[in-house]
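All remarks here apply to the structure that follows.
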Amino acid sequence: KKSGSLHGNNEPVESEDDFRRVEINKSERNEEFCDNSIATSKYTKWSFLPKNLLEQFRRIANFYFLIIAILQAIPEISPLDPITSIAPLVFVLGVTAIKEGIEDYNRHKLDTTINNRPTRVYRNGKFEQITWLEVSVGDIVKVVNKHEIPADLILLTSSDEFGGCYVETKQLDGETNLKPRECVLETLGFKEESKLGGIDAYVKSENPNKELYSYVGTMVLRGKEISLGPNNVLLRGCNLRNTKWVYGLVVFTGHDTKLLQNSRAAPSKRSDLERKMNTMLYFIFILQFSICFLCAVGSGIWTDVNSNALYLKNELDAVTYGVLGFFTFLILLNVMVPISLYVSLEMVKVALALFINQDIEMYHEESDTPAQARTSNLTEELGQIEYVFSDKTGTLTRNMMEFLMCSVNGRIFGHEAERLERKEIPVPESISGDYENPYKESEFQFLDPTLVETMQDSDDPSSELLWMFMYNMALCHNVIPEREGNEIIYQASSPDEAALVGAAKNFGLYFNDRVQNRVTVNVFGHEQEFEILNTLEFNSDRKRMSVIVKMPSGDIKLFSKGADTVMLERLQVGAGNLRETTKKHLNFFANQGLRTLVLAYRDLDAEQYRIWQDKYHTAEVSMTNRDRMVELCAEEIERDLQLIGATAIEDKLQVGVPDAIHQLSQSGLKIWVLTGDKRETARNIGYSCRLLKKSMNVTELDVSDEKSFLALLKKYRDRHVKMVNGEPVLDSRDEQAIIITGKCLNFALNPENELDFLNYARVCKAVICCRVSPSQKARVVELVKRHLPKSLTLAIGDGANDVAMIQSAHVGVGISGQEGMQAVMSSDYAIAQFRFLNRLLLIHGRWGYIRIAKLILYSFYKNFAFSMTQFWFAWFSGFSGQTLVSWRGRGEGRGEEERGGREEGRGRVRQLNPSLKLFFFSRLYQYHSSAIAVYNVFFTGLPILILSTFDKDLQADTVLKNPSVYHTGLTYTKFNVPVFAWWILNGLFQSVVNFFLPLAVFDMLADGMGQTSGLYVLGVTQMTCIVVSVNMKIALETSTWTWLNHASLYLSVIAWFIIALALDFSTDIYKGVVQYTFGLPQLWLCAILIPTICMIPDYAYKYLVSMHVPSEVDILRERESLGLEIENKDLGQEYDPARKRKSSMGGSGRSKRPTSVSRV
């Protein structure tokens, strides 16, 4: 490393290896760089199968079933046909692979289309048409109007007289406003093709990186070093606009371009419910292995006890039988893990995402913007959010600025100011004095004519500063005037800039043209040209912008505007009185909820500017630490400023924001607003949007040192918070809120302080962080995630400065607003207005959580109820691994192959004496291997899919009127360990009933010939009971009945009878058995009685809860069914997550039943 200095400050510099040298028109010297092809696809035709399978087998369930399928293919231990595991596994893998394949094929097609787009490159003395794929570093490319830039280019010249052009960067940052780009003066003359071949130059460029808004490079042309910056670069993905053509030098190609460097996948997010499901899956594995171990021990003991039985031919010892038995039962009981669950989850989540996209209630007609689910993985997560982190500008507000008031030379101007400070004044006919402004806009709300009158009165002491105020607004910006016919539209990077330039236009200073470094302003009807010598750009660290302007008179002035925190400290000595008056006005504006900027200027003499410009040029052409050196130069010139005054711009709240925030607060969510505005502005917005209430105790943390902050924090924490079992609890009757500044937030986010701050913030209903940077927003979200792992977070914003916060939260929501689409492109869900967040969370999120919780629980329950019958059968078959299904006769001999303790002979060589074979097989029959496959698909699959897609425990209007029901997800009422255990125990109970009651019914049954009913009759009866039972369970869990629910339920039960009869007629295996069984009255008695017995625990529990300890949801459902309405206030206080109600079986706590409902 080398080191260099500027103004005596030593700074580390980067080595020459950190830059690339690009030779112009000598592509053979640039072959070390990558080509211009792109590949966004994940797979090739050779890597697709192995890579996709590897990814899929990372899912523990898929890997588990792969092991089961391998074991099942071993005849010595498998009691089932391998197809029972292989077919479902192949189906699941195949569906996922096809989905991935189609998505990747589309990526391949798009890559091919892009790589083969035509462009023109200068070769062999002329421009030739080639594909983008063939473009190389060092080429000179010609791009024409409305065409996309094929690679990252250094702008050499353009059709514009001054070598400028305009680009649209929508593909890069989502912003649709045009941005100016310019060439350096030294390359402006290369407009003729013949001159391009003789360019003797090279470029020292920075290496590829992700920084869209910065570029460091130097062009060496005929020995002269020329600084290159971001304004000289055209990035791949931009579109050329309002310019006939440009010539550009290729510096980055393909995956080295900034577009591709930033094209990374969003952070992978999995829902909390899915993570818990995987935990439950481990529990099922442990349970399954325990049962298998028990059966293996039983097999060994049974073999040892019966080792001398004459009818057995035991060729292996008891231990070996036990070991083989473990794997046998592992295969038999693999259906405990519902492999179909993952496919069902994907299908349901996609459907729920489509419902969000199609929700007309979240469609914003004004902007023609529907809601958009950019992922289908997190719908249920929306129903469990506890913390909402929201930006203010453009998220809670419209981000459509109106210039209302200003303060100049200690005096407030503006109709609103007159009304608020003194008295009503009449609405004037003109605000431009004697000048009839033809550009005055009717919607301009500033109605104080005294501003221009004072400005035009040269004897008034405020006149000169008012002129500087107007020049500052008209010149200190990056606005581009775009002509559409006779009208000029301002293309601004922020609504604030557009509001200030528009205000100057309405006052009489009309900015109407920008060419290279010259701007034209119509000053009260007279065109004046100003030369912009330098522009010191705004960024989130500087919080200010400055321009150095050569006035028409020849004077050089610096105009600066920015946040008061950085501007007031740069004022010249002696501005004390004006400074204090302006600060009072700033506080006055902020208390009205207005956005403020401080304006200042400085006179520069020519020699002073020349010396500074030399330093600035040295910094600009430096290839090492350029940004730091430029910043030091800016600091040097932006000092000793003369204060002009301040502006006050109104950013109105979006429609419905106060009601939306009040509703979210009632639902139990804690809302934190993170904004860059002043503390006073943030406080005022907090009250106007109903985040803060007059009854709240609002703590303001705004001190300058960490020691004072910690003392203040301790004071309020000790006063309002007490710790109970390690958890902070509010120790006050009044609701608490915090307003904290960015400086104090830095102290709060220190590792040694963050937990104390968080414990206080957790008991507060609202937290407002003001004057915060984008990085601080993300750190606040990470703080909550790190210390409260059980609390789910949501971040919502509309601008590029919200991207880090959105990606840090569990769920990110982007608002498609006035600041481009970067927030939307980084989000999981996109909406047009903040008020739509309520419907997204309270309706789609809550429904999604309940639906998917039922899907997971029911899938485990029905498979457990089905598979445990095999375990009970093991006690009757000597733990031999005999399946409860047979392919031979009904109850009588199964031929010579049936001598084994396990049918179809592929197990142990434990053989029965034919005379004693009825001991096992005359009484017990069970479902054969095909039943396992069709059980999940045909008999039980469709009803749960319909329920988990369409079911509504409460109607949408009821939920919105009673937002406190959202606590269903906050308290994990529908999916937790006790609830999961209840469903598993329910399945266990039903397996006992469905196995032993039919056994008892048919045990002594004999027909007219004296023959017992046998295995097949009993097996058909047991299967009938199970199918009816699990479908009755889904009927019991259904809240909203539609024709789809009825159809799916009836078809699933009927499917069992149709398939059973089909086997009866199509094979010799069941010949006549099913018809015989279906003709027995005992079967129909069992089909009605046994499922009813199975439902008794569910019916009893639901009855007791709804009648004696009804939840709020129970009461609301009852009122819905009776056609009654109920408001939230009738059900008590809004939900407080600090008082979480616990449930062992899904109840949500005790609520008082209204008298009228009790009587009903």
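Labeling convention for the structure tokens: chains A, B, ... as they appear, residues from 1 per chain, ligands from 1 in order of appearance.
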Using only C-alpha atoms, which residues sit within 9 Å of Trp875 of chain A once same-chain residues fewer than 3 positions away are excluded, as an NGL selection string? :A and (295 or 298 or 871-872 or 878-879)
Exercise: segment 238-240 of chain A partners within 9 Å, only C-alpha atoms, chain neighbours under 6 positions left out, as a PyMOL selection string: chain A and resi 143-150+165-172+246
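Proximity ranking of A:Ile806, A:Leu970, A:Leu730, A:Ile301 relative to Ala830 of chain A places A:Ile806 first, based on only C-alpha atoms.
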Using only C-alpha atoms, find each residue of segment 926-1044 of chain A with at least one atom at most 12 Å away from an atom of segment 284-293 of chain A; report its shortest atom-to-atom pair and that distance in Å (one decimal), sort the rows by chain and rising residue number, and return the result as a Markdown table.
| residue | atom | partner | partner_atom | distance |
| --- | --- | --- | --- | --- |
| A:Phe980 | CA | A:Ile284 | CA | 10.8 |
| A:Ala981 | CA | A:Ile284 | CA | 10.6 |
| A:Ile984 | CA | A:Ile284 | CA | 9.5 |
Check segment 13-117 of chain A with DSSP on the backbone and list each residue it calls strand (DSSP E), as a PyMOL selection string. chain A and resi 19-23
